[in-house]
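Input: a single structure, listed below in C-alpha cells.
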Amino acid sequence: MPAIVADSNTIDGELTLQVEGMTCAGCAARVRQAIRSVPGVGDASVNLATATARVQLTSPSVPTDALVKAVQAAGYDAKPADQTPAAVSVQARSQQEAAQSRNLFLLAVAWTVPIFALHHFASGLIAAGIGSTLLWRAVQMVLLALLLTTAARPILISGARAALHRSPTMDVLIALGIAVASVSSLVSTVAVGWARSGELAHFMPASMIATLVLLGRWLEARARGRSSQAVAALASRAPATATVIRDGEAVELPVDQIQLGEKIRVATDQTIPVDGRVVSGEAAVDESMMTGEPVPAHRGAGQNVAAGCIVVDGVITIEATAIGADTALAQIVRLVEQAQTGQTRMQRLADRVAAVFVPLVVLLAAATLVAWLLWPGATLGVALSRCIAVLVIACPCALGLATPVAVLIATGQAALHGILVRDAAALEAAGQADVLLLDKTGTATTGHVTVSDVALNEAEHSEMDAKQMLQLAASVEQLSQHPLAKALVIKARQWGLVLSEPANYVSHPGLGAEGTVDGKAVVVGNLRLLQQKQVDTDRLTELAAAHTAEGQTVVAVAADGEPLGVIGLTDAIRPGMTEAVQELAGLGIAVELITGDQPASAAMVAAQMGVSTVHAQVTPEGKIEQVRRLQAQGRRVVMVGDGVNDAPALAAADAGVAFAAGTDVARHAADITLVGDNPACLAEAIRLARRSVRIIKQNLFWAFFYNLAALPAAAVGWVPAWLAAGAMMLSSLTVVGNSLRLALGQTSGGRPTAAPEQPGGKA
C-alpha cells in the first residue's frame, strides 16, 4: 500500500481502490478510463474478479478524493482498499455478497412463485367463476411491484444510475428488459378491456428475469469466493499471536505488536509469526510454503526462518528481522495481488469488445422491436417479447470474467507451490513458450564450486593417499577467501581431516598460495605458480588436461618441490535440474544452455543434463541477441537466469524466470520467480501457464460463441424472455466454473536425493 499523507489526503506511488458496482467487462473498462483521466495518474488496471483497481501515479501526490470522485462520476462507488490482502478481502466480500444475493433471491422466489402460478392457472380460475381477468392481472401487478421494490431494487437502481452517467453496463440491459416487461404488463392491466391486451402481459418474464439474475449472482459470488481461496489461505498462514520474550518473561502478544529485534519463542506445531534468525534451539521446520519441499528442514542458531512456516519438531527462539508487510510471506501475497490485476493480450481484446457491447445490444433490441412490428401478422406483444429476450440474453459478464477469474486462480495456485508470477501477461507468455534458454552458473548449476576429484601423481608419491594431499592443500588455503580455497577447506572438513596452521603463508593473487605445513613447504595453485617455484609439472600437465577436458577447474599441489597431484573442482548441477530438463522436453520445450563460460565446461554441464544445444562464451549483449534471434524466427522464448549479466536477457525474453536465491537485479527483471529454488517448478510453471491459457481461450470462445448464437436466436423468437435470463446466468457460471478447474491441478512431487559421498577418488 502507498503512503497516505494524513494532512492533505494525498497518496504517493501506487494505490489500490476497492470498486463497487462493476458487473461486466464494460464496467471495468469505464472505471479504468475514469481513473486514467485524473491528472497525475500514469496507468490503472481494473480487475472485475477481485473488484479492485490498482493505480500507478506519476505525480508526487494525487488527491485520493479525485480518484474516488472520478469513479463515482462513471457510475460506481470506490474507496481506498484497507491493509487486508486483496485475496482475503475478496473472499470476505464474496461471502457477504453471496449472503445478500441469497436473501434477495429467496425473496424474489417468494414473489415469483405466485406470479408463475397465476400465469398458468388464472384462465382456469376465471373459467370456474373465481375472480376476473382484471383481478388476477392486478394481483400479478402488485406481486411484480413488490418484487421490483424489494429483491430487484438493487438491479434497477444500478441500471438507472449507469444510464444516467451514460455508462452502459450489464445492469442497464437487465433493467431495460425488466422495465419493458413491467411497463407492458401495467398497460395490459389498465387496458384489460382491449382485445389484445393479454399479449402485453409479461408478468412472468419480468419476475423470472429478476429471479434468475439474482440466482446467478448468488452462485457467482460463491464461485468468486472459491477462486480467491488459494491466496487467502497463503495470506492467512501467519498466526494472530506469538510468544514474545520481554524482560525475560514469555508474553503472548498480537503479531502486529512485535518489533524488530525482539525475541520470539516458537514451539512444536506452532507457526512462525515473522521473518527471523534463530538465536537458540534447534527444530525441524516445514518450509513447503516457501520452497515446495515436503521434507522439513533442520534449522539452528544463525539460520533464517520465514513467517508462515511451521515448526514440526523442536523449540527455537528467533530474533525478528522483518515484520508486517516486510515479511517474505507478505511480499509474496503482494506480488500475487499485483499479478491478479494485470491483463493479458486476450483480455485486452475482450475488454475492447465488451466496452461497446452494451450499446450494440440496445441497438439490436430496438431493431428487433421495429422489425417485428413491421413483420406481417406480428403483434406489439410479440415484438416486445423478442425485444426483451435480446436485452436479457446478452452477456458481457462472460467476456469480462473469462480472463481475470482464470488468472486469479492460476496465480493463487502457483503461489501455493512457490511460483510467483508478476503479471497476467507473463502467465500468458509462459503458456505459449516453445524454447527455454537456461543460464549455466548459478542457474543450471548451484553456483558453488565443490571438489569433484583428487588425483595423485602416483608415479612418485605412491605412499601418499588423497586424504593426505587434500589435508596439506586445505591447511594452506584455510587462510584464503578465494572460492576455490573455500571449496578445498569444505571438502577436507567433510572428510574429517584435521587442518594444521600454516607457517610462512604467502598469497599469490590470481595464482594460488604457499606455506609450511607440518614441516613441508606446500604450494597450491595453478601450474604457472608451481613452475615459478621450480616444480616439475610435466606429469601434472597431463593430469590437468584430462580434468580440464571434463570441464573441471584444476588446482595443482606440490610439497618440498615435488609434484603431488591435482584437485579437480566443478560447479555441481543443481539438484533436480536434469529431471526438470527432461520434463520440459516432454512438454515440447526446446532447452538450450547459454553461458559466458568456456565451451568445455558448458558442454560437460549440458551433457549431464541432456541438453544438446549449447551457446558458450556469450556476453550479456550476446544473450539478448540470441533471445531476439529466436523471437525473429517466431519462437516464444523463456529465459532462466540468476545473475546481473542475465538481467537484460530476462527482460527481453517473452517470459523471464529467476530463482529467489539469484541477484536482486535478476529477480526484478524476471516475470516469474521460483521461491524455493526447485527446478521442478520450471516445468510446473509451464504446465500451469499452458492450462491457464487453454482455459482462458475456452472461456473467451464460449463467451463470444454464446453471444453470437444467443442474440440472433432471441431476435427471431427461438428463446422466450424468461428463458433468456437463465441462459445469460448460465453463460457467466460456465466461465467461472471452467476457470475453477485450475484449482484441481497438482504439482509434480518428485524430489532429487543426493548420493552419499566417500573420500578418495571421485568426490
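If you're wondering about the labels, chains in the C-alpha cells are A, B, ... by order shown, residues count from 1 in each chain, ligands from 1 in order shown.
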What parts of region 568-695 of chain A does DSSP call strand (DSSP E)? I'd like the answer as a list of chain:residue names.
A:Gly568, A:Leu569, A:Thr570, A:Asp571, A:Ala572, A:Ile573, A:Ala590, A:Val591, A:Glu592, A:Leu593, A:Ile594, A:Thr613, A:Val614, A:His615, A:Val637, A:Val638, A:Met639, A:Val640, A:Ala655, A:Gly656, A:Val657, A:Ala658, A:Phe659, A:Ile672, A:Thr673, A:Leu674
Give the alpha helix (DSSP H) residues of region 249-452 of chain A, as DSSP finds them on the backbone, and put them as a PyMOL selection string.
chain A and resi 288-291+328-340+345-355+357-374+380-393+396-402+404-416+424-431
Output the selection as a compact mmCIF listing (two decimals), in the first residue's frame - C-alpha atoms for each residue.
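Writing the result to out_16.txt gives the following:
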# COMPACT_ATOMS: atom_id res chain seq x y z
CA SER A 288 6.93 -26.24 1.99
CA MET A 289 5.04 -22.96 1.76
CA MET A 290 8.23 -21.21 0.62
CA THR A 291 10.24 -23.97 -1.04
CA ALA A 328 8.62 -12.72 2.77
CA LEU A 329 5.06 -14.06 3.10
CA ALA A 330 3.54 -10.57 2.84
CA GLN A 331 5.71 -9.78 -0.18
CA ILE A 332 4.61 -12.99 -1.89
CA VAL A 333 0.94 -12.14 -1.32
CA ARG A 334 1.54 -8.62 -2.61
CA LEU A 335 3.20 -9.93 -5.78
CA VAL A 336 0.30 -12.31 -6.40
CA GLU A 337 -2.22 -9.48 -5.92
CA GLN A 338 -0.36 -7.38 -8.48
CA ALA A 339 -0.37 -10.27 -10.93
CA GLN A 340 -4.12 -10.70 -10.49
CA ARG A 345 -3.42 -9.63 -24.62
CA MET A 346 -6.54 -11.78 -24.89
CA GLN A 347 -8.21 -9.92 -22.04
CA ARG A 348 -7.49 -6.53 -23.60
CA LEU A 349 -9.18 -7.75 -26.78
CA ALA A 350 -12.21 -8.94 -24.79
CA ASP A 351 -12.40 -5.65 -22.90
CA ARG A 352 -12.40 -3.63 -26.13
CA VAL A 353 -15.29 -5.73 -27.40
CA ALA A 354 -17.18 -5.54 -24.10
CA ALA A 355 -16.81 -1.76 -23.90
CA PHE A 357 -21.12 -4.44 -26.41
CA VAL A 358 -23.99 -2.95 -24.38
CA PRO A 359 -24.76 -0.08 -26.80
CA LEU A 360 -24.74 -2.55 -29.69
CA VAL A 361 -27.17 -4.84 -27.86
CA VAL A 362 -29.53 -1.92 -27.15
CA LEU A 363 -29.46 -1.02 -30.85
CA LEU A 364 -30.09 -4.65 -31.78
CA ALA A 365 -33.03 -4.82 -29.35
CA ALA A 366 -34.51 -1.65 -30.85
CA ALA A 367 -34.00 -3.04 -34.35
CA THR A 368 -35.67 -6.31 -33.27
CA LEU A 369 -38.69 -4.40 -31.93
CA VAL A 370 -39.10 -2.39 -35.14
CA ALA A 371 -38.54 -5.41 -37.38
CA TRP A 372 -41.22 -7.45 -35.62
CA LEU A 373 -43.65 -4.53 -35.65
CA LEU A 374 -43.19 -4.36 -39.42
CA LEU A 380 -46.91 -5.49 -30.36
CA GLY A 381 -46.81 -8.15 -27.64
CA VAL A 382 -44.69 -10.46 -29.79
CA ALA A 383 -42.36 -7.61 -30.75
CA LEU A 384 -41.90 -6.62 -27.11
CA SER A 385 -41.23 -10.22 -26.10
CA ARG A 386 -38.47 -10.56 -28.72
CA CYS A 387 -37.01 -7.18 -27.72
CA ILE A 388 -36.91 -8.17 -24.03
CA ALA A 389 -35.25 -11.50 -24.86
CA VAL A 390 -32.48 -9.74 -26.82
CA LEU A 391 -31.82 -7.33 -23.96
CA VAL A 392 -31.66 -10.06 -21.34
CA ILE A 393 -29.85 -12.86 -23.15
CA PRO A 396 -20.86 -9.16 -21.40
CA CYS A 397 -20.23 -10.63 -17.92
CA ALA A 398 -18.88 -13.80 -19.51
CA LEU A 399 -16.46 -11.74 -21.60
CA GLY A 400 -15.32 -9.80 -18.57
CA LEU A 401 -14.80 -12.85 -16.37
CA ALA A 402 -13.17 -15.08 -19.00
CA PRO A 404 -9.44 -12.42 -14.75
CA VAL A 405 -11.03 -15.35 -12.91
CA ALA A 406 -8.63 -17.79 -14.61
CA VAL A 407 -5.65 -15.54 -13.80
CA LEU A 408 -6.87 -15.12 -10.22
CA ILE A 409 -6.99 -18.87 -9.66
CA ALA A 410 -3.80 -19.67 -11.60
CA THR A 411 -1.61 -17.13 -9.79
CA GLY A 412 -3.01 -18.21 -6.44
CA GLN A 413 -2.31 -21.87 -7.12
CA ALA A 414 1.16 -21.02 -8.42
CA ALA A 415 1.98 -19.06 -5.26
CA LEU A 416 0.99 -22.01 -3.10
CA ALA A 424 -1.06 -11.88 -16.25
CA ALA A 425 0.90 -11.18 -19.44
CA ALA A 426 3.81 -13.26 -18.11
CA LEU A 427 1.46 -16.16 -17.45
CA GLU A 428 0.17 -15.92 -21.00
CA ALA A 429 3.70 -15.71 -22.46
CA ALA A 430 4.95 -18.71 -20.47
CA GLY A 431 1.96 -20.71 -21.61
Shell of 7 Å around region 200-215 of chain A, only C-alpha atoms, local chain residues under 3 positions omitted, as a list in words
Ser101, Leu104, Phe105, Ala108, Val109, Thr112, Ile115, Phe116, His119, Gln140, Leu144, Ala152, Ile178, Ala181, Ser182, Ser184, Ser185, Ser188, Ser197, Trp218, Leu219, Gly381, Ala721, Trp722, Ala725, Gly726 and Met729 of chain A
Could you list, as a VMD selection string, every residue within 10 Å of Gly314 (chain A), counting only C-alpha atoms and ignoring same-chain residues fewer than 5 positions away?
chain A and resid 266 to 269 281 to 285 298 to 299
Could you write out that same residue set with C-alpha atoms as a PDB file, in the first residue's frame?
ATOM      1  CA  VAL A 266       8.202 -20.931  18.607  1.00  0.00           C
ATOM      2  CA  ALA A 267       7.419 -24.452  19.790  1.00  0.00           C
ATOM      3  CA  THR A 268       6.308 -27.660  18.084  1.00  0.00           C
ATOM      4  CA  ASP A 269       3.188 -27.334  15.909  1.00  0.00           C
ATOM      5  CA  GLY A 281      17.425 -24.018  19.931  1.00  0.00           C
ATOM      6  CA  GLU A 282      17.008 -26.434  17.045  1.00  0.00           C
ATOM      7  CA  ALA A 283      13.911 -27.552  15.174  1.00  0.00           C
ATOM      8  CA  ALA A 284      12.593 -29.285  12.088  1.00  0.00           C
ATOM      9  CA  VAL A 285      10.681 -26.641  10.140  1.00  0.00           C
ATOM     10  CA  HIS A 298      16.682 -28.530  10.091  1.00  0.00           C
ATOM     11  CA  ARG A 299      17.103 -25.015  11.439  1.00  0.00           C
TER      12      ARG A 299
END
Test item: residues at most 7 Å from Val506 (chain A), only C-alpha atoms, excluding those fewer than 4 positions along its chain, as a list in words:
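Everything that qualifies: Ala513, Glu514 and Gly515 of chain A.
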Restricting the output to N, CA and C atoms, write the selected residues as an mmCIF file, in the first residue's frame.
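For reference, out06.cif as written:
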data_model
loop_
_atom_site.group_PDB
_atom_site.id
_atom_site.type_symbol
_atom_site.label_atom_id
_atom_site.label_comp_id
_atom_site.auth_asym_id
_atom_site.auth_seq_id
_atom_site.Cartn_x
_atom_site.Cartn_y
_atom_site.Cartn_z
ATOM 1 N N ALA A 513 48.617 -20.008 -3.502
ATOM 2 C CA ALA A 513 49.199 -19.647 -2.211
ATOM 3 C C ALA A 513 50.233 -20.694 -1.830
ATOM 4 N N GLU A 514 51.098 -20.338 -0.838
ATOM 5 C CA GLU A 514 52.089 -21.278 -0.344
ATOM 6 C C GLU A 514 52.259 -21.078 1.147
ATOM 7 N N GLY A 515 52.777 -22.110 1.822
ATOM 8 C CA GLY A 515 53.009 -22.046 3.256
ATOM 9 C C GLY A 515 53.649 -23.330 3.735
#
Pick from A:Ser612, A:Thr379, A:Asn457, A:Thr516: nearest to Thr541 (chain A), with only C-alpha atoms counted?
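Closest to Thr541 (chain A) of all the choices is A:Asn457.
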Applying 10 Å and only C-alpha atoms, which residues near region 66-80 of chain A remain after dropping the ones on its own chain fewer than 3 positions away? List them as a PyMOL selection string.
chain A and resi 1+4+10+15-22+27+30-39+41+51-53+55+62-63+83+158-169
Dump of N, CA and C atoms for the selected residues, as a short mmCIF file (atom, residue, chain, number, x, y, z; two decimals), in the first residue's frame:
data_model
loop_
_atom_site.label_atom_id
_atom_site.label_comp_id
_atom_site.auth_asym_id
_atom_site.auth_seq_id
_atom_site.Cartn_x
_atom_site.Cartn_y
_atom_site.Cartn_z
N MET A 1 0.84 -1.19 0.00
CA MET A 1 0.00 0.00 0.00
C MET A 1 0.87 1.24 0.00
N ILE A 4 -0.23 7.22 2.79
CA ILE A 4 -1.32 8.19 2.73
C ILE A 4 -0.97 9.35 3.65
N THR A 10 -3.56 12.90 0.48
CA THR A 10 -2.90 12.57 -0.77
C THR A 10 -2.20 11.24 -0.66
N LEU A 15 -1.73 3.08 -5.50
CA LEU A 15 -2.89 2.93 -4.62
C LEU A 15 -3.80 1.84 -5.16
N THR A 16 -4.36 1.08 -4.25
CA THR A 16 -5.36 0.09 -4.63
C THR A 16 -6.72 0.57 -4.16
N LEU A 17 -7.66 0.65 -5.08
CA LEU A 17 -9.03 1.05 -4.76
C LEU A 17 -9.94 -0.17 -4.75
N GLN A 18 -10.89 -0.16 -3.86
CA GLN A 18 -11.96 -1.16 -3.87
C GLN A 18 -13.14 -0.53 -4.60
N VAL A 19 -13.58 -1.16 -5.67
CA VAL A 19 -14.63 -0.61 -6.54
C VAL A 19 -15.89 -1.45 -6.39
N GLU A 20 -17.01 -0.78 -6.21
CA GLU A 20 -18.29 -1.47 -6.07
C GLU A 20 -19.22 -1.10 -7.22
N GLY A 21 -20.00 -2.06 -7.65
CA GLY A 21 -20.98 -1.80 -8.69
C GLY A 21 -20.61 -2.33 -10.06
N MET A 22 -19.40 -2.92 -10.22
CA MET A 22 -19.00 -3.45 -11.52
C MET A 22 -19.66 -4.81 -11.75
N CYS A 27 -17.90 -2.41 -17.52
CA CYS A 27 -17.75 -1.64 -16.28
C CYS A 27 -16.28 -1.43 -15.97
N ARG A 30 -14.69 1.14 -18.20
CA ARG A 30 -15.07 2.52 -17.91
C ARG A 30 -14.44 3.02 -16.61
N VAL A 31 -14.31 2.15 -15.63
CA VAL A 31 -13.64 2.56 -14.39
C VAL A 31 -12.18 2.88 -14.68
N ARG A 32 -11.54 2.05 -15.48
CA ARG A 32 -10.13 2.30 -15.83
C ARG A 32 -9.98 3.63 -16.58
N GLN A 33 -10.89 3.88 -17.51
CA GLN A 33 -10.84 5.13 -18.27
C GLN A 33 -11.06 6.33 -17.35
N ALA A 34 -11.99 6.20 -16.40
CA ALA A 34 -12.27 7.30 -15.48
C ALA A 34 -11.06 7.60 -14.60
N ILE A 35 -10.40 6.56 -14.10
CA ILE A 35 -9.23 6.76 -13.24
C ILE A 35 -8.09 7.38 -14.03
N ARG A 36 -7.88 6.91 -15.25
CA ARG A 36 -6.77 7.43 -16.06
C ARG A 36 -6.98 8.89 -16.45
N SER A 37 -8.21 9.37 -16.38
CA SER A 37 -8.48 10.76 -16.74
C SER A 37 -8.05 11.74 -15.64
N VAL A 38 -7.74 11.23 -14.44
CA VAL A 38 -7.34 12.10 -13.34
C VAL A 38 -5.89 12.54 -13.55
N PRO A 39 -5.58 13.82 -13.49
CA PRO A 39 -4.20 14.29 -13.65
C PRO A 39 -3.29 13.67 -12.61
N VAL A 41 -2.20 10.51 -12.85
CA VAL A 41 -2.32 9.05 -12.94
C VAL A 41 -1.59 8.57 -14.19
N ALA A 51 -12.74 -7.02 -7.96
CA ALA A 51 -13.39 -5.73 -7.70
C ALA A 51 -12.40 -4.71 -7.16
N THR A 52 -11.19 -4.70 -7.75
CA THR A 52 -10.16 -3.77 -7.32
C THR A 52 -9.57 -3.04 -8.53
N ALA A 53 -8.99 -1.88 -8.25
CA ALA A 53 -8.28 -1.11 -9.26
C ALA A 53 -6.92 -0.73 -8.69
N VAL A 55 -3.77 1.62 -9.12
CA VAL A 55 -3.49 2.90 -9.77
C VAL A 55 -2.00 3.22 -9.65
N VAL A 62 -1.37 12.84 -5.41
CA VAL A 62 -2.66 12.95 -6.09
C VAL A 62 -3.75 12.86 -5.03
N PRO A 63 -4.73 13.76 -5.02
CA PRO A 63 -5.80 13.68 -4.02
C PRO A 63 -6.56 12.37 -4.14
N GLN A 83 -5.72 -2.53 4.57
CA GLN A 83 -4.48 -3.29 4.58
C GLN A 83 -4.71 -4.79 4.42
N SER A 158 -29.00 0.25 -9.96
CA SER A 158 -27.70 0.21 -10.62
C SER A 158 -27.82 0.50 -12.11
N GLY A 159 -28.84 -0.08 -12.75
CA GLY A 159 -29.04 0.17 -14.17
C GLY A 159 -29.40 1.61 -14.45
N ALA A 160 -30.28 2.18 -13.62
CA ALA A 160 -30.68 3.58 -13.81
C ALA A 160 -29.50 4.53 -13.60
N ARG A 161 -28.71 4.25 -12.58
CA ARG A 161 -27.56 5.11 -12.31
C ARG A 161 -26.54 5.03 -13.45
N ALA A 162 -26.30 3.84 -13.95
CA ALA A 162 -25.36 3.69 -15.07
C ALA A 162 -25.88 4.42 -16.31
N ALA A 163 -27.19 4.32 -16.55
CA ALA A 163 -27.76 5.01 -17.72
C ALA A 163 -27.65 6.52 -17.57
N LEU A 164 -27.89 7.04 -16.36
CA LEU A 164 -27.79 8.48 -16.13
C LEU A 164 -26.36 8.98 -16.33
N HIS A 165 -25.38 8.14 -16.00
CA HIS A 165 -23.99 8.51 -16.20
C HIS A 165 -23.48 8.15 -17.59
N ARG A 166 -24.43 7.77 -18.46
CA ARG A 166 -24.08 7.35 -19.82
C ARG A 166 -22.97 6.30 -19.79
N SER A 167 -23.15 5.34 -18.90
CA SER A 167 -22.17 4.27 -18.72
C SER A 167 -22.88 2.93 -18.85
N PRO A 168 -23.17 2.50 -20.06
CA PRO A 168 -23.94 1.27 -20.26
C PRO A 168 -23.24 0.05 -19.69
N THR A 169 -23.95 -0.67 -18.84
CA THR A 169 -23.41 -1.86 -18.19
C THR A 169 -24.39 -3.02 -18.35
#
Using only C-alpha atoms, which residues sit within 12 Å of Leu682 (chain A) once same-chain residues fewer than 5 positions away are excluded, as a JSON list (two decimals) with N, CA and C atoms, in the first residue's frame?
[["chain", "number", "residue", "atom", "x", "y", "z"],
["A", 414, "ALA", "N", -0.29, -21.07, -8.20],
["A", 414, "ALA", "CA", 1.16, -21.02, -8.42],
["A", 414, "ALA", "C", 1.87, -20.58, -7.15],
["A", 417, "HIS", "N", 2.61, -23.08, -4.57],
["A", 417, "HIS", "CA", 3.65, -24.05, -4.90],
["A", 417, "HIS", "C", 4.99, -23.38, -5.18],
["A", 418, "GLY", "N", 5.16, -22.14, -4.67],
["A", 418, "GLY", "CA", 6.46, -21.49, -4.77],
["A", 418, "GLY", "C", 6.75, -20.86, -6.11],
["A", 419, "ILE", "N", 5.72, -20.54, -6.89],
["A", 419, "ILE", "CA", 5.90, -19.91, -8.19],
["A", 419, "ILE", "C", 5.20, -18.55, -8.16],
["A", 420, "LEU", "N", 5.97, -17.48, -8.22],
["A", 420, "LEU", "CA", 5.39, -16.14, -8.18],
["A", 420, "LEU", "C", 5.37, -15.54, -9.57],
["A", 430, "ALA", "N", 4.38, -17.41, -20.86],
["A", 430, "ALA", "CA", 4.95, -18.71, -20.47],
["A", 430, "ALA", "C", 4.13, -19.86, -21.02],
["A", 431, "GLY", "N", 2.83, -19.66, -21.09],
["A", 431, "GLY", "CA", 1.96, -20.71, -21.61],
["A", 431, "GLY", "C", 2.11, -20.94, -23.10],
["A", 436, "LEU", "N", 13.37, -22.64, -24.23],
["A", 436, "LEU", "CA", 13.82, -22.13, -22.94],
["A", 436, "LEU", "C", 15.34, -22.01, -22.95],
["A", 437, "LEU", "N", 15.83, -20.80, -22.74],
["A", 437, "LEU", "CA", 17.26, -20.55, -22.63],
["A", 437, "LEU", "C", 17.64, -20.63, -21.16],
["A", 438, "LEU", "N", 18.61, -21.51, -20.84],
["A", 438, "LEU", "CA", 18.97, -21.78, -19.45],
["A", 438, "LEU", "C", 20.40, -21.33, -19.19],
["A", 443, "THR", "N", 22.40, -21.17, -12.09],
["A", 443, "THR", "CA", 21.03, -21.48, -12.52],
["A", 443, "THR", "C", 20.92, -22.98, -12.81],
["A", 444, "ALA", "N", 21.60, -23.42, -13.89],
["A", 444, "ALA", "CA", 21.66, -24.86, -14.14],
["A", 444, "ALA", "C", 22.52, -25.54, -13.08],
["A", 576, "GLY", "N", 17.97, -31.78, -9.15],
["A", 576, "GLY", "CA", 16.66, -31.76, -9.80],
["A", 576, "GLY", "C", 16.66, -31.10, -11.16],
["A", 577, "MET", "N", 17.78, -30.46, -11.57],
["A", 577, "MET", "CA", 17.77, -29.75, -12.85],
["A", 577, "MET", "C", 17.71, -30.72, -14.03],
["A", 578, "THR", "N", 18.42, -31.85, -13.94],
["A", 578, "THR", "CA", 18.38, -32.82, -15.03],
["A", 578, "THR", "C", 16.96, -33.34, -15.25],
["A", 579, "GLU", "N", 16.28, -33.67, -14.15],
["A", 579, "GLU", "CA", 14.90, -34.14, -14.26],
["A", 579, "GLU", "C", 13.99, -33.04, -14.82],
["A", 580, "ALA", "N", 14.26, -31.79, -14.42],
["A", 580, "ALA", "CA", 13.45, -30.67, -14.92],
["A", 580, "ALA", "C", 13.62, -30.51, -16.42],
["A", 581, "VAL", "N", 14.85, -30.66, -16.92],
["A", 581, "VAL", "CA", 15.09, -30.56, -18.36],
["A", 581, "VAL", "C", 14.33, -31.66, -19.10],
["A", 582, "GLN", "N", 14.33, -32.86, -18.53],
["A", 582, "GLN", "CA", 13.60, -33.96, -19.15],
["A", 582, "GLN", "C", 12.09, -33.68, -19.18],
["A", 583, "GLU", "N", 11.58, -33.11, -18.07],
["A", 583, "GLU", "CA", 10.16, -32.77, -18.03],
["A", 583, "GLU", "C", 9.82, -31.71, -19.08],
["A", 584, "LEU", "N", 10.68, -30.71, -19.20],
["A", 584, "LEU", "CA", 10.45, -29.66, -20.19],
["A", 584, "LEU", "C", 10.46, -30.22, -21.60],
["A", 585, "ALA", "N", 11.39, -31.13, -21.86],
["A", 585, "ALA", "CA", 11.44, -31.77, -23.18],
["A", 585, "ALA", "C", 10.15, -32.54, -23.44],
["A", 587, "LEU", "N", 7.34, -31.71, -22.45],
["A", 587, "LEU", "CA", 6.30, -30.72, -22.74],
["A", 587, "LEU", "C", 6.49, -30.07, -24.10],
["A", 589, "ILE", "N", 9.22, -28.36, -24.96],
["A", 589, "ILE", "CA", 10.03, -27.16, -24.82],
["A", 589, "ILE", "C", 11.47, -27.50, -25.19],
["A", 591, "VAL", "N", 15.16, -26.95, -24.80],
["A", 591, "VAL", "CA", 16.03, -26.33, -23.80],
["A", 591, "VAL", "C", 17.41, -26.12, -24.40],
["A", 638, "VAL", "N", 11.44, -18.35, -23.22],
["A", 638, "VAL", "CA", 11.56, -18.20, -21.77],
["A", 638, "VAL", "C", 13.05, -18.19, -21.45],
["A", 639, "MET", "N", 13.50, -17.18, -20.72],
["A", 639, "MET", "CA", 14.89, -17.10, -20.30],
["A", 639, "MET", "C", 14.95, -17.36, -18.80],
["A", 640, "VAL", "N", 15.84, -18.26, -18.38],
["A", 640, "VAL", "CA", 16.00, -18.58, -16.96],
["A", 640, "VAL", "C", 17.42, -18.19, -16.55],
["A", 641, "GLY", "N", 17.54, -17.29, -15.58],
["A", 641, "GLY", "CA", 18.85, -16.84, -15.15],
["A", 641, "GLY", "C", 18.81, -16.34, -13.72],
["A", 655, "ALA", "N", 9.13, -14.32, -21.49],
["A", 655, "ALA", "CA", 8.93, -14.51, -20.05],
["A", 655, "ALA", "C", 10.28, -14.80, -19.43],
["A", 656, "GLY", "N", 10.65, -14.00, -18.42],
["A", 656, "GLY", "CA", 11.90, -14.22, -17.72],
["A", 656, "GLY", "C", 11.64, -14.92, -16.40],
["A", 657, "VAL", "N", 12.49, -15.91, -16.07],
["A", 657, "VAL", "CA", 12.32, -16.69, -14.84],
["A", 657, "VAL", "C", 13.61, -16.61, -14.04],
["A", 658, "ALA", "N", 13.49, -16.33, -12.74],
["A", 658, "ALA", "CA", 14.65, -16.28, -11.87],
["A", 658, "ALA", "C", 14.38, -17.08, -10.60],
["A", 659, "PHE", "N", 15.44, -17.67, -10.05],
["A", 659, "PHE", "CA", 15.32, -18.32, -8.75],
["A", 659, "PHE", "C", 15.42, -17.26, -7.66],
["A", 672, "ILE", "N", 8.74, -14.18, -13.61],
["A", 672, "ILE", "CA", 8.34, -15.29, -12.73],
["A", 672, "ILE", "C", 9.51, -15.59, -11.80],
["A", 673, "THR", "N", 9.22, -15.72, -10.52],
["A", 673, "THR", "CA", 10.25, -16.05, -9.54],
["A", 673, "THR", "C", 9.91, -17.39, -8.89],
["A", 674, "LEU", "N", 10.91, -18.27, -8.81],
["A", 674, "LEU", "CA", 10.74, -19.57, -8.17],
["A", 674, "LEU", "C", 11.27, -19.45, -6.75],
["A", 675, "VAL", "N", 10.34, -19.41, -5.78],
["A", 675, "VAL", "CA", 10.69, -19.11, -4.40],
["A", 675, "VAL", "C", 11.60, -20.17, -3.81],
["A", 676, "GLY", "N", 11.31, -21.42, -4.06],
["A", 676, "GLY", "CA", 12.04, -22.49, -3.40],
["A", 676, "GLY", "C", 13.31, -22.93, -4.09],
["A", 677, "ASP", "N", 13.72, -22.29, -5.18],
["A", 677, "ASP", "CA", 14.91, -22.68, -5.94],
["A", 677, "ASP", "C", 14.84, -24.14, -6.40],
["A", 687, "ARG", "N", 3.45, -25.89, -17.20],
["A", 687, "ARG", "CA", 2.19, -26.64, -17.25],
["A", 687, "ARG", "C", 1.01, -25.78, -16.78],
["A", 688, "LEU", "N", 1.20, -25.09, -15.67],
["A", 688, "LEU", "CA", 0.13, -24.26, -15.14],
["A", 688, "LEU", "C", -0.21, -23.12, -16.10],
["A", 689, "ALA", "N", 0.83, -22.52, -16.68],
["A", 689, "ALA", "CA", 0.60, -21.43, -17.63],
["A", 689, "ALA", "C", -0.16, -21.93, -18.86],
["A", 747, "THR", "N", 0.99, -30.22, -8.41],
["A", 747, "THR", "CA", 2.39, -30.11, -8.80],
["A", 747, "THR", "C", 3.04, -31.47, -8.79],
["A", 748, "SER", "N", 4.14, -31.54, -9.52],
["A", 748, "SER", "CA", 4.92, -32.77, -9.51],
["A", 748, "SER", "C", 5.59, -32.92, -8.16]]
Using only C-alpha atoms, can you tell me which of A:Ala544, A:Val421, A:Val435, A:Ala652 comes closest to Leu456 (chain A)?
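The answer is A:Ala544, which sits nearest to Leu456 (chain A).
Closest to Thr446 (chain A) among A:Ala44, A:Ala546, A:Ala110, A:Ala572 is A:Ala572, based on only C-alpha atoms.
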